[in-house]
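Okay, run-v6.txt now, which holds compact mmCIF, C-alpha atoms:
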# COMPACT_ATOMS: atom_id res chain seq x y z
CA PHE A 1 -67.38 112.00 21.46
CA GLY A 2 -65.00 112.28 18.50
CA SER A 3 -63.53 115.57 17.36
CA SER A 4 -64.91 117.31 14.28
CA ARG A 5 -61.41 117.88 12.95
CA VAL A 6 -60.22 115.75 10.05
CA GLY A 7 -56.76 114.30 9.63
CA PRO A 8 -54.27 115.35 6.90
CA GLY A 9 -54.92 112.20 4.88
CA HIS A 10 -58.71 112.53 4.94
CA PRO A 11 -60.34 113.23 1.53
CA GLY A 12 -62.02 116.30 2.99
CA SER A 13 -58.75 117.91 4.08
CA ARG A 14 -56.73 120.20 1.85
CA LEU A 15 -53.87 117.71 1.54
CA GLY A 16 -56.30 114.90 0.81
CA ARG A 17 -57.97 116.93 -1.95
CA GLN A 18 -54.58 117.69 -3.49
CA SER A 19 -53.64 114.00 -3.46
CA LEU A 20 -56.94 113.06 -5.10
CA HIS A 21 -56.36 115.71 -7.74
CA LEU A 22 -52.87 114.39 -8.44
CA CYS A 23 -54.13 110.80 -8.71
CA SER A 24 -56.85 111.74 -11.16
CA HIS A 25 -54.32 113.74 -13.20
CA CYS A 26 -51.96 110.76 -13.32
CA ALA A 27 -54.82 108.53 -14.46
CA ARG A 28 -55.38 110.75 -17.49
CA ARG A 29 -51.76 110.54 -18.62
CA PRO A 30 -50.99 107.98 -21.35
CA ALA A 31 -49.55 104.77 -19.99
CA LEU A 32 -46.02 103.78 -20.85
CA VAL A 33 -45.61 101.28 -23.63
CA GLY A 34 -45.64 97.78 -22.24
CA GLY A 35 -45.94 96.32 -25.71
CA MET A 36 -47.25 97.55 -29.04
CA LYS A 37 -48.46 95.37 -31.86
CA LEU A 38 -47.36 96.26 -35.37
CA ASN A 39 -49.68 95.18 -38.17
CA LEU A 40 -47.34 94.91 -41.17
CA SER A 41 -48.79 94.65 -44.68
CA ASN A 42 -47.11 94.23 -48.05
CA PRO A 43 -49.26 95.41 -51.00
CA THR A 44 -47.05 93.72 -53.61
CA THR A 45 -47.53 90.23 -52.14
CA GLY A 46 -50.89 90.73 -50.42
CA MET A 47 -49.51 89.34 -47.15
CA GLN A 48 -50.00 90.56 -43.59
CA LYS A 49 -48.11 89.88 -40.39
CA ILE A 50 -48.49 91.02 -36.76
CA VAL A 51 -45.32 91.64 -34.75
CA GLU A 52 -45.28 92.55 -31.06
CA ILE A 53 -42.59 94.98 -29.88
CA ASP A 54 -41.85 95.17 -26.14
CA ASP A 55 -38.83 97.49 -26.21
CA ASP A 56 -39.73 101.21 -26.11
CA LYS A 57 -36.46 102.27 -27.71
CA LYS A 58 -37.30 100.41 -30.93
CA LEU A 59 -40.48 102.48 -31.31
CA LEU A 60 -38.95 105.90 -30.60
CA PRO A 61 -38.45 106.81 -34.32
CA PHE A 62 -42.20 106.36 -34.88
CA PHE A 63 -43.32 108.63 -32.02
CA ASP A 64 -44.55 112.14 -32.94
CA LYS A 65 -44.83 111.11 -36.61
CA ARG A 66 -48.05 111.66 -38.53
CA MET A 67 -50.00 109.15 -40.58
CA ALA A 68 -48.71 108.60 -44.15
CA THR A 69 -45.14 109.41 -42.99
CA GLU A 70 -42.41 107.04 -44.17
CA VAL A 71 -40.08 105.83 -41.42
CA ALA A 72 -37.03 103.57 -41.68
CA GLY A 73 -37.53 100.23 -39.91
CA ASP A 74 -33.88 99.60 -38.96
CA THR A 75 -34.58 100.11 -35.23
CA LEU A 76 -37.20 97.35 -35.11
CA GLY A 77 -34.62 94.59 -35.53
CA GLU A 78 -32.01 93.05 -37.77
CA GLU A 79 -34.59 91.42 -40.04
CA PHE A 80 -36.09 94.86 -40.84
CA LYS A 81 -32.79 96.41 -41.94
CA GLY A 82 -33.23 98.47 -45.11
CA TYR A 83 -37.04 98.42 -44.94
CA VAL A 84 -39.05 101.64 -45.11
CA PHE A 85 -42.56 101.63 -43.66
CA ARG A 86 -45.43 104.02 -44.20
CA ILE A 87 -47.66 104.69 -41.18
CA GLY A 88 -51.18 103.72 -42.18
CA GLY A 89 -53.01 104.25 -38.90
CA GLY A 90 -53.65 102.49 -35.63
CA ASN A 91 -55.83 102.09 -32.56
CA ASP A 92 -55.25 103.20 -28.99
CA LYS A 93 -55.57 100.94 -25.97
CA GLN A 94 -59.33 101.62 -25.75
CA GLY A 95 -59.87 100.74 -29.43
CA PHE A 96 -60.44 104.22 -30.87
CA PRO A 97 -59.04 104.52 -34.43
CA MET A 98 -56.61 107.14 -35.68
CA LYS A 99 -58.05 109.68 -38.13
CA GLN A 100 -56.00 111.53 -40.71
CA GLY A 101 -56.05 115.32 -40.37
CA ILE A 102 -56.49 115.48 -36.58
CA LEU A 103 -53.10 116.95 -35.63
CA CYS A 104 -52.82 115.72 -32.03
CA ASN A 105 -51.84 112.58 -30.14
CA HIS A 106 -54.97 112.22 -28.00
CA ARG A 107 -58.70 111.61 -28.46
CA VAL A 108 -61.13 114.24 -29.66
CA LYS A 109 -64.89 114.23 -30.26
CA LEU A 110 -66.01 115.24 -33.73
CA LEU A 111 -69.32 115.53 -35.54
CA PHE A 112 -69.26 113.02 -38.41
CA LYS A 113 -71.38 112.92 -41.54
CA LYS A 114 -71.52 110.81 -44.68
CA GLY A 115 -68.25 110.54 -46.58
CA MET A 116 -65.93 111.04 -43.61
CA SER A 117 -63.54 108.29 -42.54
CA CYS A 118 -64.15 106.36 -39.30
CA PHE A 119 -67.92 106.71 -39.80
CA ARG A 120 -70.62 104.73 -41.60
CA GLU A 121 -74.00 106.34 -42.15
CA ARG A 122 -76.79 104.24 -40.64
CA ARG A 123 -79.69 106.41 -41.79
CA LYS A 124 -79.80 108.85 -44.67
CA GLY A 125 -78.68 112.30 -43.64
CA CYS A 126 -77.85 111.38 -40.05
CA ARG A 127 -74.81 112.79 -38.28
CA LYS A 128 -73.10 111.52 -35.16
CA ARG A 129 -70.62 112.87 -32.64
CA LYS A 130 -68.03 110.25 -31.75
CA SER A 131 -64.50 109.99 -30.41
CA VAL A 132 -61.48 109.38 -32.60
CA ARG A 133 -57.77 109.56 -31.96
CA GLY A 134 -55.45 112.07 -33.61
CA CYS A 135 -53.09 111.15 -36.44
CA VAL A 136 -49.86 111.68 -34.44
CA VAL A 137 -48.26 108.46 -33.18
CA GLY A 138 -47.79 108.23 -29.42
CA PRO A 139 -47.05 105.69 -26.66
CA ASP A 140 -50.76 105.11 -25.94
CA LEU A 141 -51.31 103.07 -29.12
CA ALA A 142 -52.07 99.38 -28.82
CA VAL A 143 -51.80 98.60 -32.54
CA MET A 144 -50.03 100.53 -35.30
CA HIS A 145 -50.54 99.72 -38.98
CA LEU A 146 -47.43 99.87 -41.17
CA VAL A 147 -47.27 99.40 -44.95
CA VAL A 148 -44.07 98.29 -46.66
CA ALA A 149 -42.97 101.20 -48.87
CA LYS A 150 -39.49 99.87 -49.64
CA LYS A 151 -38.19 96.31 -49.31
CA GLY A 152 -34.95 95.67 -47.42
CA GLU A 153 -32.14 93.20 -47.80
CA GLN A 154 -33.62 90.17 -46.01
CA GLU A 155 -36.87 88.34 -46.55
CA ILE A 156 -39.44 88.52 -43.73
CA PRO A 157 -41.20 85.16 -43.25
CA GLY A 158 -44.95 85.50 -43.79
CA LEU A 159 -44.65 88.96 -45.33
CA THR A 160 -42.30 89.01 -48.33
CA ASP A 161 -41.33 85.38 -48.93
CA ASP A 162 -44.68 84.24 -50.33
CA GLN A 163 -47.21 85.48 -52.87
CA ARG A 164 -50.90 85.48 -52.08
CA ALA A 165 -53.10 85.21 -55.14
CA ARG A 166 -55.67 87.92 -55.61
CA ARG A 167 -59.19 86.60 -55.22
CA LEU A 168 -60.69 89.33 -57.41
CA GLY A 169 -59.12 90.99 -60.42
CA PRO A 170 -59.58 94.57 -61.64
CA LYS A 171 -62.92 95.65 -63.08
CA ARG A 172 -62.09 98.90 -64.85
CA ALA A 173 -60.99 98.55 -68.48
CA SER A 174 -57.94 100.81 -68.07
CA HIS A 175 -56.82 98.86 -64.99
CA ILE A 176 -57.10 95.56 -66.90
CA ARG A 177 -55.00 97.01 -69.74
CA LYS A 178 -52.40 98.19 -67.23
CA LEU A 179 -52.27 94.79 -65.50
CA PHE A 180 -51.73 92.78 -68.71
CA GLY A 181 -49.89 95.46 -70.72
CA LEU A 182 -52.51 95.62 -73.47
CA GLU A 183 -52.78 98.06 -76.34
CA LYS A 184 -55.81 100.17 -77.14
CA GLN A 185 -56.98 97.89 -79.96
CA ASP A 186 -56.81 94.69 -77.82
CA ASP A 187 -60.06 93.16 -76.60
CA VAL A 188 -60.21 93.63 -72.84
CA ARG A 189 -63.03 91.10 -72.41
CA LYS A 190 -60.68 88.19 -73.13
CA PHE A 191 -58.39 89.12 -70.21
CA VAL A 192 -60.93 89.43 -67.39
CA VAL A 193 -59.89 87.56 -64.23
CA ARG A 194 -62.53 84.86 -63.71
CA ARG A 195 -63.05 83.02 -60.44
CA GLU A 196 -64.47 79.55 -60.10
CA THR A 197 -67.54 78.84 -58.00
CA ALA A 198 -69.27 75.57 -57.25
CA LYS A 199 -71.15 75.48 -60.56
CA LYS A 200 -69.58 77.94 -62.99
CA LYS A 201 -66.97 80.63 -63.52
CA LYS A 202 -67.91 84.20 -62.64
CA ALA A 203 -66.50 87.32 -64.29
CA PRO A 204 -67.09 90.92 -63.17
CA LYS A 205 -68.83 93.47 -65.34
CA ILE A 206 -66.16 95.60 -67.00
CA GLN A 207 -66.53 99.26 -66.13
CA ARG A 208 -65.84 102.11 -68.60
CA LEU A 209 -65.65 99.69 -71.51
CA VAL A 210 -65.85 101.43 -74.92
CA THR A 211 -68.25 99.46 -77.12
CA PRO A 212 -70.07 100.29 -80.39
CA ALA A 213 -73.36 100.55 -78.49
CA MET A 214 -71.82 103.08 -76.08
CA LEU A 215 -70.43 105.13 -78.97
CA GLN A 216 -73.82 105.05 -80.71
CA ARG A 217 -75.49 106.19 -77.48
CA LYS A 218 -72.97 109.01 -77.15
CA ARG A 219 -73.60 110.14 -80.73
CA TYR A 220 -77.36 110.04 -80.10
CA TYR A 221 -77.05 112.17 -76.94
CA ARG A 222 -74.89 114.71 -78.75
CA SER A 223 -77.35 114.90 -81.68
CA GLN A 224 -80.20 115.44 -79.23
CA VAL A 225 -78.29 118.26 -77.55
CA ARG A 226 -77.53 119.78 -80.95
CA LYS A 227 -81.22 119.60 -81.96
CA ARG A 228 -82.28 121.26 -78.72
CA MET A 229 -79.76 124.04 -79.28
CA VAL A 230 -80.99 124.65 -82.86
CA LEU A 231 -84.62 124.59 -81.72
CA GLY A 232 -83.91 126.97 -78.87
CA LYS A 233 -82.13 129.38 -81.20
CA LYS A 234 -85.06 129.26 -83.66
CA LEU A 235 -87.63 129.87 -80.92
CA LYS A 236 -85.58 132.78 -79.58
CA GLU A 237 -85.47 134.43 -83.02
CA GLU A 238 -89.24 134.00 -83.43
CA TYR A 239 -89.83 135.45 -79.98
CA THR A 240 -87.66 138.51 -80.58
CA LYS A 241 -89.35 139.08 -83.94
CA ARG A 242 -92.83 138.82 -82.42
CA LEU A 243 -91.81 141.05 -79.52
CA SER A 244 -90.60 143.77 -81.83
CA GLU A 245 -93.85 143.53 -83.85
CA PHE A 246 -95.90 143.76 -80.64
CA ARG A 247 -94.01 146.83 -79.47
CA GLN A 248 -94.50 148.44 -82.87
CA GLU A 249 -98.24 147.73 -82.70
CA GLN A 250 -98.40 149.18 -79.20
CA LYS A 251 -96.57 152.30 -80.36
CA GLU A 252 -98.91 152.78 -83.33
CA ALA A 253 -101.99 152.24 -81.16
CA ARG A 254 -100.73 154.81 -78.62
CA ALA A 255 -99.98 157.31 -81.38
CA ALA A 256 -103.49 156.82 -82.85
CA GLU A 257 -105.05 157.36 -79.42
CA VAL A 258 -103.09 160.58 -78.88
CA ALA A 259 -104.10 161.86 -82.31
CA LYS A 260 -107.77 161.13 -81.60
CA LYS A 261 -107.62 163.06 -78.32
CA LYS A 262 -106.12 166.04 -80.09
CA ARG A 263 -108.90 166.02 -82.70
CA ASP A 264 -111.55 165.86 -79.98
CA THR A 265 -110.11 168.84 -78.13
CA LYS A 266 -110.24 171.03 -81.26
Can I see the file as structure tokens?
Amino acid sequence: FGSSRVGPGHPGSRLGRQSLHLCSHCARRPALVGGMKLNLSNPTTGMQKIVEIDDDKKLLPFFDKRMATEVAGDTLGEEFKGYVFRIGGGNDKQGFPMKQGILCNHRVKLLFKKGMSCFRERRKGCRKRKSVRGCVVGPDLAVMHLVVAKKGEQEIPGLTDDQRARRLGPKRASHIRKLFGLEKQDDVRKFVVRRETAKKKKAPKIQRLVTPAMLQRKRYYRSQVRKRMVLGKKLKEEYTKRLSEFRQEQKEARAAEVAKKKRDTK
């Protein structure tokens, strides 16, 4: 028959338990960077480009930086010399997105509600607890989003050398004026960016457009408010007048009742 003793490498032994504990601890540590994808975007041209970086030393200036921090891109390569990038976010190797305001470089579970980033409300009033990654850049990221804040010396093919036309133009009247450099008296409706469809051209409805009908409506609302204020003031004066008369009547009635009691007692 075999002995009941267990060997030093057995999971039930003390040494075996320590080794299992060490292995599970190592599994929780973030893996070293084998390669990180950088999603580069240029707002001025509307272009995007994905670059894969395999060298850890090139990514060291980005580590321990928070989202919305501007970092020089000189370490990424010669073509990025002079460029300044703003960290826009990223995803870790399991696909969890970075969330601004979570000051850590690991995942946390938060209770989300409507209006918070990284969450879309499925039913009205519902809340959900889900995992998101902190806003501090670390080596466990699979993709990091960078926005060009300052252009460098060289052109980057697919990012700065071409111009991608905007499919949709601005809708707000002030944004249209800013885009075309219009004055206040210019008609904004003539400068709306129209897009062609199969049958006709479509134009968006201009928001916050000052028209005679809107001004008339505003004047009407203000006159209604003014009338309600005048009416309320008049009703208040009538009420105070009637209240004072009522109190005077009550006082006279009480005085008459007291005088009658005095006569009866005599």
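The spacing separating atom CA of Ser117 of chain A from atom CA of Ile102 of chain A amounts to 11.7 Å.
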Neighbour list for Gly95 of chain A as a CSV table (one decimal) with C-alpha atoms, in the coordinates of the input, cut-off 12 Å, all atoms listed in the file, skip fewer than 2 positions in-chain:
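Just written: around-v9.csv:
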chain,number,residue,atom,x,y,z
A,90,GLY,CA,-53.6,102.5,-35.6
A,91,ASN,CA,-55.8,102.1,-32.6
A,92,ASP,CA,-55.2,103.2,-29.0
A,93,LYS,CA,-55.6,100.9,-26.0
A,97,PRO,CA,-59.0,104.5,-34.4
A,98,MET,CA,-56.6,107.1,-35.7
A,107,ARG,CA,-58.7,111.6,-28.5
A,131,SER,CA,-64.5,110.0,-30.4
A,132,VAL,CA,-61.5,109.4,-32.6
A,133,ARG,CA,-57.8,109.6,-32.0
A,140,ASP,CA,-50.8,105.1,-25.9
A,141,LEU,CA,-51.3,103.1,-29.1
A,142,ALA,CA,-52.1,99.4,-28.8
A,143,VAL,CA,-51.8,98.6,-32.5
A,144,MET,CA,-50.0,100.5,-35.3
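Our summary of the geometry notes that atom CA of Gly88 of chain A is positioned 5.5 Å from atom CA of Leu146 of chain A.
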Distance query Ile53 of chain A at most 7 Å, only C-alpha atoms, self and fewer than 3 positions along chain excluded, as a ChimeraX atom specification = /A:35-37
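Proximity ranking of A:Val230, A:Leu38, A:Ala68, A:Cys135 relative to Val108 of chain A places A:Cys135 first, based on all atoms listed in the file.
Using all atoms listed in the file, the protein and nucleic acid residues lying no more than 9 Å from segment 148-165 of chain A, apart from those fewer than 6 places from it along its own chain, are Leu40, Ser41, Asn42, Pro43, Thr44, Thr45, Gly46, Met47, Gln48, Lys49, Glu70, Glu78, Glu79, Phe80, Lys81, Gly82, Tyr83, Val84, Phe85 and Arg86 of chain A.
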Please, what distance in Å, to one decimal, runs between atom CA of Lys128 of chain A and atom CA of Met67 of chain A?
-> 23.8 Å
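Every protein or nucleic acid residue with an atom no more than 10 Å from Pro204 of chain A, counting only C-alpha atoms and leaving out same-chain residues fewer than 3 positions away, appears here: A:Leu168, A:Gly169, A:Pro170, A:Lys171, A:Arg172, A:Val192, A:Val193, A:Arg194, A:Arg195, A:Gln207.
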Saved selection, atoms kept: C-alpha atoms, as a compact mmCIF listing (two decimals), in the frame of the given file:
# COMPACT_ATOMS: atom_id res chain seq x y z
CA LEU A 168 -60.69 89.33 -57.41
CA GLY A 169 -59.12 90.99 -60.42
CA PRO A 170 -59.58 94.57 -61.64
CA LYS A 171 -62.92 95.65 -63.08
CA ARG A 172 -62.09 98.90 -64.85
CA VAL A 192 -60.93 89.43 -67.39
CA VAL A 193 -59.89 87.56 -64.23
CA ARG A 194 -62.53 84.86 -63.71
CA ARG A 195 -63.05 83.02 -60.44
CA GLN A 207 -66.53 99.26 -66.13
Could segment 101-113 of chain A be completed with N, CA, C and O atoms and written as an mmCIF file, keeping the file's coordinate frame, please?
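The result, stored in part-v1.cif:
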data_model
loop_
_atom_site.group_PDB
_atom_site.id
_atom_site.type_symbol
_atom_site.label_atom_id
_atom_site.label_comp_id
_atom_site.auth_asym_id
_atom_site.auth_seq_id
_atom_site.Cartn_x
_atom_site.Cartn_y
_atom_site.Cartn_z
ATOM 1 N N GLY A 101 -55.651 113.915 -40.412
ATOM 2 C CA GLY A 101 -56.050 115.320 -40.370
ATOM 3 C C GLY A 101 -56.257 115.876 -38.987
ATOM 4 O O GLY A 101 -56.352 117.094 -38.826
ATOM 5 N N ILE A 102 -56.342 115.024 -37.958
ATOM 6 C CA ILE A 102 -56.490 115.480 -36.580
ATOM 7 C C ILE A 102 -55.078 115.579 -35.993
ATOM 8 O O ILE A 102 -54.491 114.579 -35.590
ATOM 9 N N LEU A 103 -54.519 116.772 -35.952
ATOM 10 C CA LEU A 103 -53.100 116.950 -35.630
ATOM 11 C C LEU A 103 -52.879 116.982 -34.118
ATOM 12 O O LEU A 103 -52.536 118.017 -33.534
ATOM 13 N N CYS A 104 -53.078 115.843 -33.464
ATOM 14 C CA CYS A 104 -52.820 115.720 -32.030
ATOM 15 C C CYS A 104 -52.576 114.244 -31.740
ATOM 16 O O CYS A 104 -52.784 113.377 -32.593
ATOM 17 N N ASN A 105 -52.128 113.964 -30.528
ATOM 18 C CA ASN A 105 -51.840 112.580 -30.140
ATOM 19 C C ASN A 105 -52.760 112.123 -29.009
ATOM 20 O O ASN A 105 -52.373 111.343 -28.157
ATOM 21 N N HIS A 106 -53.986 112.630 -28.998
ATOM 22 C CA HIS A 106 -54.970 112.220 -28.000
ATOM 23 C C HIS A 106 -56.330 112.120 -28.682
ATOM 24 O O HIS A 106 -56.458 112.354 -29.889
ATOM 25 N N ARG A 107 -57.352 111.786 -27.901
ATOM 26 C CA ARG A 107 -58.700 111.610 -28.460
ATOM 27 C C ARG A 107 -59.451 112.929 -28.500
ATOM 28 O O ARG A 107 -59.312 113.766 -27.614
ATOM 29 N N VAL A 108 -60.254 113.090 -29.524
ATOM 30 C CA VAL A 108 -61.130 114.240 -29.660
ATOM 31 C C VAL A 108 -62.504 113.746 -30.104
ATOM 32 O O VAL A 108 -62.626 112.661 -30.669
ATOM 33 N N LYS A 109 -63.535 114.569 -29.839
ATOM 34 C CA LYS A 109 -64.890 114.230 -30.260
ATOM 35 C C LYS A 109 -65.274 115.130 -31.418
ATOM 36 O O LYS A 109 -65.216 116.354 -31.314
ATOM 37 N N LEU A 110 -65.665 114.502 -32.521
ATOM 38 C CA LEU A 110 -66.010 115.240 -33.730
ATOM 39 C C LEU A 110 -67.407 114.863 -34.189
ATOM 40 O O LEU A 110 -67.916 113.782 -33.886
ATOM 41 N N LEU A 111 -68.019 115.792 -34.934
ATOM 42 C CA LEU A 111 -69.320 115.530 -35.540
ATOM 43 C C LEU A 111 -69.085 114.964 -36.935
ATOM 44 O O LEU A 111 -68.525 115.638 -37.796
ATOM 45 N N PHE A 112 -69.515 113.720 -37.145
ATOM 46 C CA PHE A 112 -69.260 113.020 -38.410
ATOM 47 C C PHE A 112 -70.513 113.039 -39.274
ATOM 48 O O PHE A 112 -71.638 113.040 -38.774
ATOM 49 N N LYS A 113 -70.281 113.053 -40.574
ATOM 50 C CA LYS A 113 -71.380 112.920 -41.540
ATOM 51 C C LYS A 113 -70.925 111.991 -42.658
ATOM 52 O O LYS A 113 -69.797 111.493 -42.654
#
